[in-house]
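Q: This is the content of coords_11.cif (mmCIF, C-alpha atoms and all ligand atoms):
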```
data_input
loop_
_atom_site.label_atom_id
_atom_site.label_comp_id
_atom_site.auth_asym_id
_atom_site.auth_seq_id
_atom_site.Cartn_x
_atom_site.Cartn_y
_atom_site.Cartn_z
CA MET H 228 0.00 0.00 0.00
CA ALA H 229 1.13 3.57 -0.72
CA ALA H 230 2.91 5.48 2.04
CA SER H 231 0.29 8.23 2.06
CA THR H 232 -3.38 8.34 1.23
CA ASP H 233 -4.38 9.16 -2.37
CA LYS H 234 -5.13 12.91 -2.52
CA ALA H 235 -8.16 12.35 -4.76
CA GLN H 236 -9.77 10.18 -2.06
CA GLN H 237 -9.03 12.34 0.97
CA ASP H 238 -12.15 14.54 0.76
CA ASP H 239 -14.43 11.50 0.54
CA ILE H 240 -12.68 9.88 3.54
CA ILE H 241 -13.08 13.07 5.59
CA ALA H 242 -16.78 13.25 4.65
CA ALA H 243 -17.22 9.61 5.71
CA ALA H 244 -15.38 10.29 9.01
CA ILE H 245 -17.71 13.24 9.70
CA ALA H 246 -20.77 11.02 9.15
CA PHE H 247 -19.30 8.24 11.33
CA ALA H 248 -18.30 10.55 14.21
CA ARG H 249 -21.55 12.52 14.06
CA ASP H 250 -23.57 9.33 14.33
CA PHE H 251 -21.38 8.03 17.19
CA HIS H 252 -21.49 11.25 19.26
CA GLU H 253 -25.03 12.38 18.53
CA LYS H 254 -26.56 11.24 21.81
CA ASP H 255 -23.57 11.96 24.04
CA ASP H 256 -24.07 13.96 27.23
CA THR H 257 -20.61 13.55 28.78
CA GLY H 258 -18.97 16.62 27.23
CA HIS H 259 -18.05 14.67 24.09
CA ASP H 260 -21.00 15.66 21.97
CA TRP H 261 -20.73 16.20 18.23
CA TRP H 262 -20.21 19.97 18.72
CA HIS H 263 -17.05 19.26 20.74
CA ILE H 264 -15.76 17.14 17.85
CA GLN H 265 -16.71 19.85 15.38
CA ARG H 266 -14.92 22.59 17.37
CA VAL H 267 -11.80 20.44 17.82
CA SER H 268 -11.78 19.59 14.10
CA LYS H 269 -12.11 23.24 13.08
CA MET H 270 -9.32 24.28 15.47
CA THR H 271 -7.18 21.38 14.20
CA GLU H 272 -7.47 22.69 10.64
CA ARG H 273 -6.52 26.19 11.77
CA LEU H 274 -3.51 24.98 13.78
CA ALA H 275 -2.39 22.50 11.08
CA GLU H 276 -2.34 25.33 8.55
CA ALA H 277 -0.43 27.67 10.89
CA GLU H 278 2.08 25.01 11.99
CA GLY H 279 2.56 23.26 8.63
CA ALA H 280 1.20 19.89 9.79
CA ASN H 281 -0.36 17.29 7.47
CA ARG H 282 -3.98 18.47 7.32
CA PHE H 283 -5.51 15.13 6.29
CA VAL H 284 -3.93 13.05 9.07
CA ALA H 285 -4.56 15.70 11.75
CA LEU H 286 -8.18 16.29 10.73
CA LEU H 287 -8.93 12.56 10.53
CA ALA H 288 -7.49 12.06 14.02
CA ALA H 289 -9.50 15.04 15.35
CA LEU H 290 -12.76 13.69 13.92
CA LEU H 291 -12.17 10.21 15.37
CA HIS H 292 -10.39 11.06 18.63
CA ASP H 293 -13.30 10.62 21.02
CA VAL H 294 -14.85 7.62 19.22
CA ALA H 295 -12.17 5.68 21.12
CA ASP H 296 -12.75 7.44 24.48
CA GLU H 297 -12.74 4.82 27.21
CA LYS H 298 -15.79 6.37 28.88
CA LEU H 299 -17.80 5.76 25.70
CA ASN H 300 -16.54 2.18 25.14
CA GLU H 301 -16.15 -1.02 27.14
CA SER H 302 -12.43 -0.32 27.40
CA LYS H 303 -9.72 1.82 25.82
CA GLU H 304 -8.67 -1.17 23.67
CA SER H 305 -12.15 -1.82 22.33
CA GLY H 306 -12.51 1.89 21.54
CA LEU H 307 -9.27 1.83 19.56
CA ARG H 308 -10.40 -1.33 17.74
CA ARG H 309 -13.60 0.48 16.77
CA VAL H 310 -11.55 3.30 15.16
CA GLN H 311 -9.07 0.85 13.60
CA SER H 312 -11.78 -1.20 11.91
CA TRP H 313 -13.45 1.94 10.58
CA LEU H 314 -10.11 3.14 9.15
CA GLU H 315 -9.59 -0.27 7.53
CA SER H 316 -12.99 0.04 5.84
CA GLN H 317 -11.70 3.17 4.07
CA PRO H 318 -8.97 3.66 1.44
CA VAL H 319 -6.58 5.13 4.04
CA ALA H 320 -2.88 4.27 3.50
CA ALA H 321 -1.45 1.94 6.14
CA ALA H 322 1.06 4.56 7.34
CA ASP H 323 -1.67 7.19 7.82
CA CYS H 324 -3.89 4.64 9.55
CA GLY H 325 -1.06 3.80 11.99
CA HIS H 326 -0.35 7.48 12.57
CA VAL H 327 -4.00 8.30 13.36
CA ILE H 328 -4.22 5.37 15.80
CA GLU H 329 -0.98 6.46 17.48
CA ILE H 330 -2.32 10.00 17.94
CA ILE H 331 -5.66 8.88 19.35
CA SER H 332 -4.15 6.32 21.72
CA THR H 333 -1.65 8.77 23.26
CA MET H 334 -3.36 12.19 23.28
CA SER H 335 -5.64 12.06 26.33
CA TYR H 336 -4.96 14.25 29.36
CA ASN H 337 -4.73 11.25 31.71
CA ALA H 338 -4.28 13.47 34.78
CA GLY H 339 -1.29 15.09 33.01
CA LEU H 340 0.71 11.85 33.16
CA ASN H 341 1.17 10.94 29.47
CA PRO H 342 4.50 11.62 27.66
CA PRO H 343 4.65 14.40 24.99
CA MET H 344 3.14 13.74 21.57
CA ARG H 345 5.69 12.40 19.06
CA THR H 346 4.55 14.07 15.84
CA LEU H 347 3.51 17.59 14.85
CA GLU H 348 0.11 16.27 13.73
CA GLY H 349 -0.41 14.69 17.17
CA GLN H 350 0.65 17.91 18.88
CA VAL H 351 -1.82 19.93 16.84
CA VAL H 352 -4.78 17.62 17.55
CA GLN H 353 -3.93 17.44 21.26
CA ASP H 354 -3.70 21.25 21.39
CA ALA H 355 -7.07 21.63 19.66
CA ASP H 356 -8.67 19.21 22.15
CA ARG H 357 -7.08 20.99 25.12
CA LEU H 358 -8.12 24.42 23.84
CA ASP H 359 -11.73 23.22 24.06
CA ALA H 360 -11.15 22.76 27.81
CA ILE H 361 -9.84 26.35 28.23
CA GLY H 362 -12.08 29.45 28.00
CA ALA H 363 -15.76 30.34 27.90
CA ILE H 364 -16.99 27.09 26.35
CA ALA H 365 -14.79 25.11 28.72
CA ILE H 366 -16.50 26.78 31.69
CA ALA H 367 -19.88 25.65 30.34
CA ARG H 368 -18.58 22.11 29.71
CA CYS H 369 -17.18 21.93 33.24
CA PHE H 370 -20.48 22.80 34.93
CA LEU H 371 -22.41 20.51 32.59
CA TYR H 372 -20.07 17.62 33.43
CA ALA H 373 -20.18 18.36 37.18
CA GLY H 374 -23.99 18.33 37.07
CA LYS H 375 -23.95 15.07 35.17
CA ILE H 376 -21.80 13.31 37.80
CA GLY H 377 -23.64 14.91 40.73
CA ASP H 378 -20.90 17.29 41.87
CA PRO H 379 -21.89 20.69 43.33
CA ILE H 380 -20.72 23.95 41.72
CA HIS H 381 -18.63 24.78 44.78
CA ASP H 382 -18.02 23.68 48.37
CA PRO H 383 -15.39 25.58 50.39
CA GLY H 384 -15.01 22.48 52.60
CA ILE H 385 -13.74 20.34 49.70
CA LYS H 386 -10.23 21.48 48.77
CA PRO H 387 -8.69 21.05 45.32
CA ARG H 388 -6.27 18.09 45.20
CA ASP H 389 -2.63 18.86 44.32
CA SER H 390 -1.87 15.67 42.52
CA ILE H 391 -4.41 13.03 41.70
CA THR H 392 -4.26 9.55 40.28
CA LYS H 393 -6.15 8.61 37.14
CA GLU H 394 -8.73 6.73 39.24
CA GLN H 395 -9.26 9.68 41.60
CA TYR H 396 -9.56 12.02 38.62
CA ARG H 397 -12.28 9.84 37.13
CA ASN H 398 -14.13 8.55 40.18
CA GLU H 399 -13.76 10.71 43.29
CA GLY H 400 -16.43 13.29 44.03
CA SER H 401 -15.23 16.88 43.89
CA THR H 402 -16.68 20.20 42.72
CA ALA H 403 -16.87 22.10 39.47
CA ILE H 404 -14.74 24.95 40.85
CA ASN H 405 -12.09 22.48 42.03
CA HIS H 406 -11.87 21.12 38.49
CA PHE H 407 -10.53 24.55 37.42
CA TYR H 408 -7.59 24.18 39.82
CA GLU H 409 -7.07 20.46 39.24
CA LYS H 410 -7.10 20.62 35.46
CA LEU H 411 -8.42 23.59 33.50
CA LEU H 412 -6.03 26.26 34.83
CA LYS H 413 -3.07 23.89 34.31
CA LEU H 414 -3.74 23.27 30.64
CA LYS H 415 -2.14 26.42 29.23
CA ASP H 416 1.30 25.15 30.35
CA ARG H 417 0.69 21.87 28.57
CA ILE H 418 0.16 23.24 25.08
CA ASN H 419 2.58 22.08 22.37
CA THR H 420 2.54 24.60 19.51
CA PRO H 421 3.14 28.39 19.46
CA SER H 422 -0.12 29.12 17.58
CA ALA H 423 -2.18 27.24 20.16
CA LYS H 424 -0.21 28.77 23.04
CA ALA H 425 -1.28 32.29 22.02
CA ILE H 426 -4.97 31.27 21.98
CA ALA H 427 -4.57 29.36 25.27
CA GLU H 428 -3.07 32.40 27.06
CA GLU H 429 -6.00 34.60 26.14
CA ARG H 430 -8.61 31.99 27.10
CA HIS H 431 -6.72 31.28 30.33
CA ARG H 432 -6.88 34.93 31.38
CA TYR H 433 -10.63 34.86 30.77
CA MET H 434 -11.02 31.79 33.05
CA GLU H 435 -8.88 33.42 35.74
CA ARG H 436 -11.13 36.49 35.69
CA TYR H 437 -14.12 34.15 35.91
CA VAL H 438 -12.94 32.30 39.04
CA THR H 439 -11.90 35.57 40.70
CA GLN H 440 -15.39 36.97 40.10
CA PHE H 441 -16.93 33.66 41.28
CA HIS H 442 -15.14 33.76 44.63
CA ALA H 443 -15.89 37.46 45.10
CA GLU H 444 -19.60 36.82 44.57
CA TRP H 445 -19.44 33.74 46.83
CA ASP H 446 -18.02 35.89 49.62
CA GLY H 447 -20.60 38.61 48.97
CA LEU H 448 -17.93 41.12 48.01
CA LEU H 449 -19.25 41.99 44.55
P1 LIG A 1 -10.56 14.66 27.99
O1 LIG A 1 -11.12 13.36 27.45
O2 LIG A 1 -10.36 15.73 26.95
O3 LIG A 1 -9.44 14.52 28.95
P2 LIG A 1 -12.69 14.58 29.81
O4 LIG A 1 -13.39 13.46 29.17
O5 LIG A 1 -11.95 14.32 31.07
O6 LIG A 1 -11.74 15.30 28.79
O7 LIG A 1 -13.72 15.74 30.05
C1 LIG A 1 -14.60 16.30 29.09
C2 LIG A 1 -14.96 17.71 29.56
O8 LIG A 1 -15.53 17.68 30.85
C3 LIG A 1 -13.74 18.63 29.66
O9 LIG A 1 -14.07 19.95 29.31
C4 LIG A 1 -13.36 18.52 31.11
O10 LIG A 1 -12.67 19.65 31.58
C5 LIG A 1 -14.71 18.35 31.78
N1 LIG A 1 -14.53 17.53 32.99
C6 LIG A 1 -13.88 16.35 33.10
N2 LIG A 1 -13.88 15.89 34.38
C7 LIG A 1 -14.57 16.82 35.08
C8 LIG A 1 -14.94 16.95 36.46
N3 LIG A 1 -14.59 16.05 37.37
N4 LIG A 1 -15.64 18.05 36.83
C9 LIG A 1 -16.00 18.99 35.93
N5 LIG A 1 -15.70 18.93 34.61
C10 LIG A 1 -14.99 17.86 34.19
NI NI A 2 -12.02 15.52 22.98
#
```
Could you rewrite the structure in this file as structure tokens?
Ligand code: ADP
Ligand code: NI
A:
Amino acid sequence: MAASTDKAQQDDIIAAAIAFARDFHEKDDTGHDWWHIQRVSKMTERLAEAEGANRFVALLAALLHDVADEKLNESKESGLRRVQSWLESQPVAAADCGHVIEIISTMSYNAGLNPPMRTLEGQVVQDADRLDAIGAIAIARCFLYAGKIGDPIHDPGIKPRDSITKEQYRNEGSTAINHFYEKLLKLKDRINTPSAKAIAEERHRYMERYVTQFHAEWDGLL
């Protein structure tokens, strides 16, 4: 098989990936709805252009990245197999298929414990996904997720945890405001590319203003 996917077939493959991902994420209420995938895909295209990454590979990985999410599958492995078998049903070159699977299997936040992404395409997709967890939309996603798992918006008696294991991150009860300190406000220092860093800084400042205002209102000062 050719080392890279036939250019003439790339648009059709992307269209098929959009249909596949849209169908998979349509009923999701865990913060991985189709609109998240659409925003990450759009940002991936923007960053790939700015950073000179392979648009086809990066966009394909962005569209499929949460199809393999372990929360939406029986296990991480079965999620990856789902993506792999879809890729094999398409005329995607073996090298591109392997690259997309590598990106998807290594990009998750995983409590900040995963090693850096190996390729520029992986860095771009990871940045696009992380940017969706920083800023105004991220604030909305955070409260939606907290509501879904039964966490309160805030509880001064429950302190943010400094370092947490993957299991704690997934399973322990906390609060929406703590999630800002445990993850969201840390993300800007975990961005790979300069183009994404600039966007992250601006969104980060917005979130900082938000939590400052939140605490001031909580204390009845504003
Ligand atoms: P990812 O798969 O990108 O690491 P998650 O699946 O952990 O993201 O989360 C999806 C969205 O929900 C993100 O915006 C994330 O910040 C938010 N989220 C995840 N865990 C929590 C939590 N415990 N409390 C509030 N929001 C959360
Ligand atoms: Ni995602």
Q: Excluding region 440-448 of chain H and any residue of its chain fewer than 3 positions from it, enumerate the residues within 12 Å of it, using all atoms listed in the file, and give them as a VMD selection string.
A: chain H and resid 366 380 to 383 403 to 405 407 433 to 437
Q: Go ahead and save the picked residues with C-alpha atoms, as an mmCIF file, in the frame of the given file.
A:
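Resulting contents of out15.cif:
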```cif
data_model
loop_
_atom_site.group_PDB
_atom_site.id
_atom_site.type_symbol
_atom_site.label_atom_id
_atom_site.label_comp_id
_atom_site.auth_asym_id
_atom_site.auth_seq_id
_atom_site.Cartn_x
_atom_site.Cartn_y
_atom_site.Cartn_z
ATOM 1 C CA ILE H 366 -16.500 26.780 31.690
ATOM 2 C CA ILE H 380 -20.720 23.950 41.720
ATOM 3 C CA HIS H 381 -18.630 24.780 44.780
ATOM 4 C CA ASP H 382 -18.020 23.680 48.370
ATOM 5 C CA PRO H 383 -15.390 25.580 50.390
ATOM 6 C CA ALA H 403 -16.870 22.100 39.470
ATOM 7 C CA ILE H 404 -14.740 24.950 40.850
ATOM 8 C CA ASN H 405 -12.090 22.480 42.030
ATOM 9 C CA PHE H 407 -10.530 24.550 37.420
ATOM 10 C CA TYR H 433 -10.630 34.860 30.770
ATOM 11 C CA MET H 434 -11.020 31.790 33.050
ATOM 12 C CA GLU H 435 -8.880 33.420 35.740
ATOM 13 C CA ARG H 436 -11.130 36.490 35.690
ATOM 14 C CA TYR H 437 -14.120 34.150 35.910
#
```
Q: Grab me every residue within 9 Å of ligand LIG 1 (chain A), counting all atoms listed in the file, and send it over as a PDB file with C-alpha atoms, in the coordinates of the input.
A:
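This is the output file part_20.pdb:
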```
ATOM      1  CA  THR H 257     -20.610  13.550  28.780  1.00  0.00           C
ATOM      2  CA  GLY H 258     -18.970  16.620  27.230  1.00  0.00           C
ATOM      3  CA  HIS H 259     -18.050  14.670  24.090  1.00  0.00           C
ATOM      4  CA  ASP H 293     -13.300  10.620  21.020  1.00  0.00           C
ATOM      5  CA  ASP H 296     -12.750   7.440  24.480  1.00  0.00           C
ATOM      6  CA  GLU H 297     -12.740   4.820  27.210  1.00  0.00           C
ATOM      7  CA  LYS H 298     -15.790   6.370  28.880  1.00  0.00           C
ATOM      8  CA  MET H 334      -3.360  12.190  23.280  1.00  0.00           C
ATOM      9  CA  SER H 335      -5.640  12.060  26.330  1.00  0.00           C
ATOM     10  CA  TYR H 336      -4.960  14.250  29.360  1.00  0.00           C
ATOM     11  CA  ASN H 337      -4.730  11.250  31.710  1.00  0.00           C
ATOM     12  CA  ALA H 338      -4.280  13.470  34.780  1.00  0.00           C
ATOM     13  CA  GLN H 353      -3.930  17.440  21.260  1.00  0.00           C
ATOM     14  CA  ASP H 356      -8.670  19.210  22.150  1.00  0.00           C
ATOM     15  CA  ARG H 357      -7.080  20.990  25.120  1.00  0.00           C
ATOM     16  CA  ASP H 359     -11.730  23.220  24.060  1.00  0.00           C
ATOM     17  CA  ALA H 360     -11.150  22.760  27.810  1.00  0.00           C
ATOM     18  CA  ILE H 361      -9.840  26.350  28.230  1.00  0.00           C
ATOM     19  CA  ILE H 364     -16.990  27.090  26.350  1.00  0.00           C
ATOM     20  CA  ALA H 365     -14.790  25.110  28.720  1.00  0.00           C
ATOM     21  CA  ILE H 366     -16.500  26.780  31.690  1.00  0.00           C
ATOM     22  CA  ALA H 367     -19.880  25.650  30.340  1.00  0.00           C
ATOM     23  CA  ARG H 368     -18.580  22.110  29.710  1.00  0.00           C
ATOM     24  CA  CYS H 369     -17.180  21.930  33.240  1.00  0.00           C
ATOM     25  CA  PHE H 370     -20.480  22.800  34.930  1.00  0.00           C
ATOM     26  CA  LEU H 371     -22.410  20.510  32.590  1.00  0.00           C
ATOM     27  CA  TYR H 372     -20.070  17.620  33.430  1.00  0.00           C
ATOM     28  CA  ALA H 373     -20.180  18.360  37.180  1.00  0.00           C
ATOM     29  CA  GLY H 374     -23.990  18.330  37.070  1.00  0.00           C
ATOM     30  CA  LYS H 375     -23.950  15.070  35.170  1.00  0.00           C
ATOM     31  CA  ILE H 376     -21.800  13.310  37.800  1.00  0.00           C
ATOM     32  CA  ASP H 378     -20.900  17.290  41.870  1.00  0.00           C
ATOM     33  CA  ILE H 380     -20.720  23.950  41.720  1.00  0.00           C
ATOM     34  CA  TYR H 396      -9.560  12.020  38.620  1.00  0.00           C
ATOM     35  CA  ARG H 397     -12.280   9.840  37.130  1.00  0.00           C
ATOM     36  CA  ASN H 398     -14.130   8.550  40.180  1.00  0.00           C
ATOM     37  CA  GLU H 399     -13.760  10.710  43.290  1.00  0.00           C
ATOM     38  CA  GLY H 400     -16.430  13.290  44.030  1.00  0.00           C
ATOM     39  CA  SER H 401     -15.230  16.880  43.890  1.00  0.00           C
ATOM     40  CA  THR H 402     -16.680  20.200  42.720  1.00  0.00           C
ATOM     41  CA  ALA H 403     -16.870  22.100  39.470  1.00  0.00           C
ATOM     42  CA  ILE H 404     -14.740  24.950  40.850  1.00  0.00           C
ATOM     43  CA  ASN H 405     -12.090  22.480  42.030  1.00  0.00           C
ATOM     44  CA  HIS H 406     -11.870  21.120  38.490  1.00  0.00           C
ATOM     45  CA  PHE H 407     -10.530  24.550  37.420  1.00  0.00           C
ATOM     46  CA  GLU H 409      -7.070  20.460  39.240  1.00  0.00           C
ATOM     47  CA  LYS H 410      -7.100  20.620  35.460  1.00  0.00           C
ATOM     48  CA  LEU H 411      -8.420  23.590  33.500  1.00  0.00           C
TER      49      LEU H 411
END
```
Q: As an exercise, work out the distance from CA of Thr439 (chain H) to CA of Ala425 (chain H) in Å and give it to one decimal place.
A: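 If I compute the distance from CA of Thr439 (chain H) to CA of Ala425 (chain H), I get 21.7 Å.
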Q: Which one of H:Pro343, H:Pro379, H:Gly306, H:Pro387 sits closest to Thr420 (chain H) if you count only C-alpha atoms?
A: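 Of the candidates, the smallest distance to Thr420 (chain H) is held by H:Pro343.
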Q: Let me make sure I understand: among H:Glu329, H:Glu272, H:Asp260, H:Glu278, which one has the smallest atom-to-atom distance to ligand NI 2 (chain A) if we use all atoms listed in the file?
A: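 Closest to ligand NI 2 (chain A) of all the choices is H:Asp260.
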Q: One decimal, Å: what's the distance from CA of Ser231 (chain H) over to CA of Ala288 (chain H), could you say?
A: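 Interatomic distance, CA of Ser231 (chain H) to CA of Ala288 (chain H): 14.8 Å.
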Q: Rounded to one decimal in Å, what is the spacing between CA of Ala248 (chain H) and CA of His263 (chain H)?
A: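 Here the two named atoms are 11.0 Å from each other.
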Q: Using all atoms listed in the file, find the one residue out of H:Arg388, H:Lys413, H:Lys269, H:His292 that sits nearest to Gln311 (chain H).
A: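 Among the listed residues, the smallest separation from Gln311 (chain H) belongs to H:His292.
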Q: Calculated over all atoms listed in the file, which of the candidates H:Lys386, H:His252, H:Lys303, H:His431 has the smallest distance to ligand NI 2 (chain A)?
A: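 Among H:Lys386, H:His252, H:Lys303, H:His431, it is H:His252 that comes nearest to ligand NI 2 (chain A).
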Q: Provide an axis-aligned box for all listed atoms of region 319-322 of chain H, padding each side by 3 Å; report its centre and its edge lengths in Å to one decimal, as AutoDock Vina command-line options.
A:
```
--center_x -2.8 --center_y 3.5 --center_z 5.4 --size_x 13.6 --size_y 9.2 --size_z 9.8
```
Q: Dig up all the protein and nucleic acid residues within 12 Å of (-17.9, 10.3, 6.0) in the file frame, using all atoms listed in the file, and format them as number ranges by chain.
A: H: 236-251, 287, 290-291, 313-314, 316-317
Q: So which one's closest to ligand NI 2 (chain A), H:Ala355, H:Leu286, H:Ala321, H:Leu307? Using only C-alpha atoms and all ligand atoms, please.
A: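 Closest residue, counting only C-alpha atoms and all ligand atoms: H:Ala355.
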Q: Can you tell me which residues surround Thr346 (chain H) at a distance of at most 10 Å, considering all atoms listed in the file, apart from same-chain residues fewer than 4 positions away, and format the answer as a list of chain:residue names?
A: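 Near neighbours after the sequence-gap exclusion: H:Ala280, H:His326, H:Glu329, H:Ile330, H:Gln350, H:Val351.
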Q: May I ask which of the residues H:Val352, H:Ala277, H:Ser302, H:Leu414 is the closest one to ligand NI 2 (chain A), counting all atoms listed in the file?
A: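 Answer, going by the shortest atom-to-atom distance: H:Val352.
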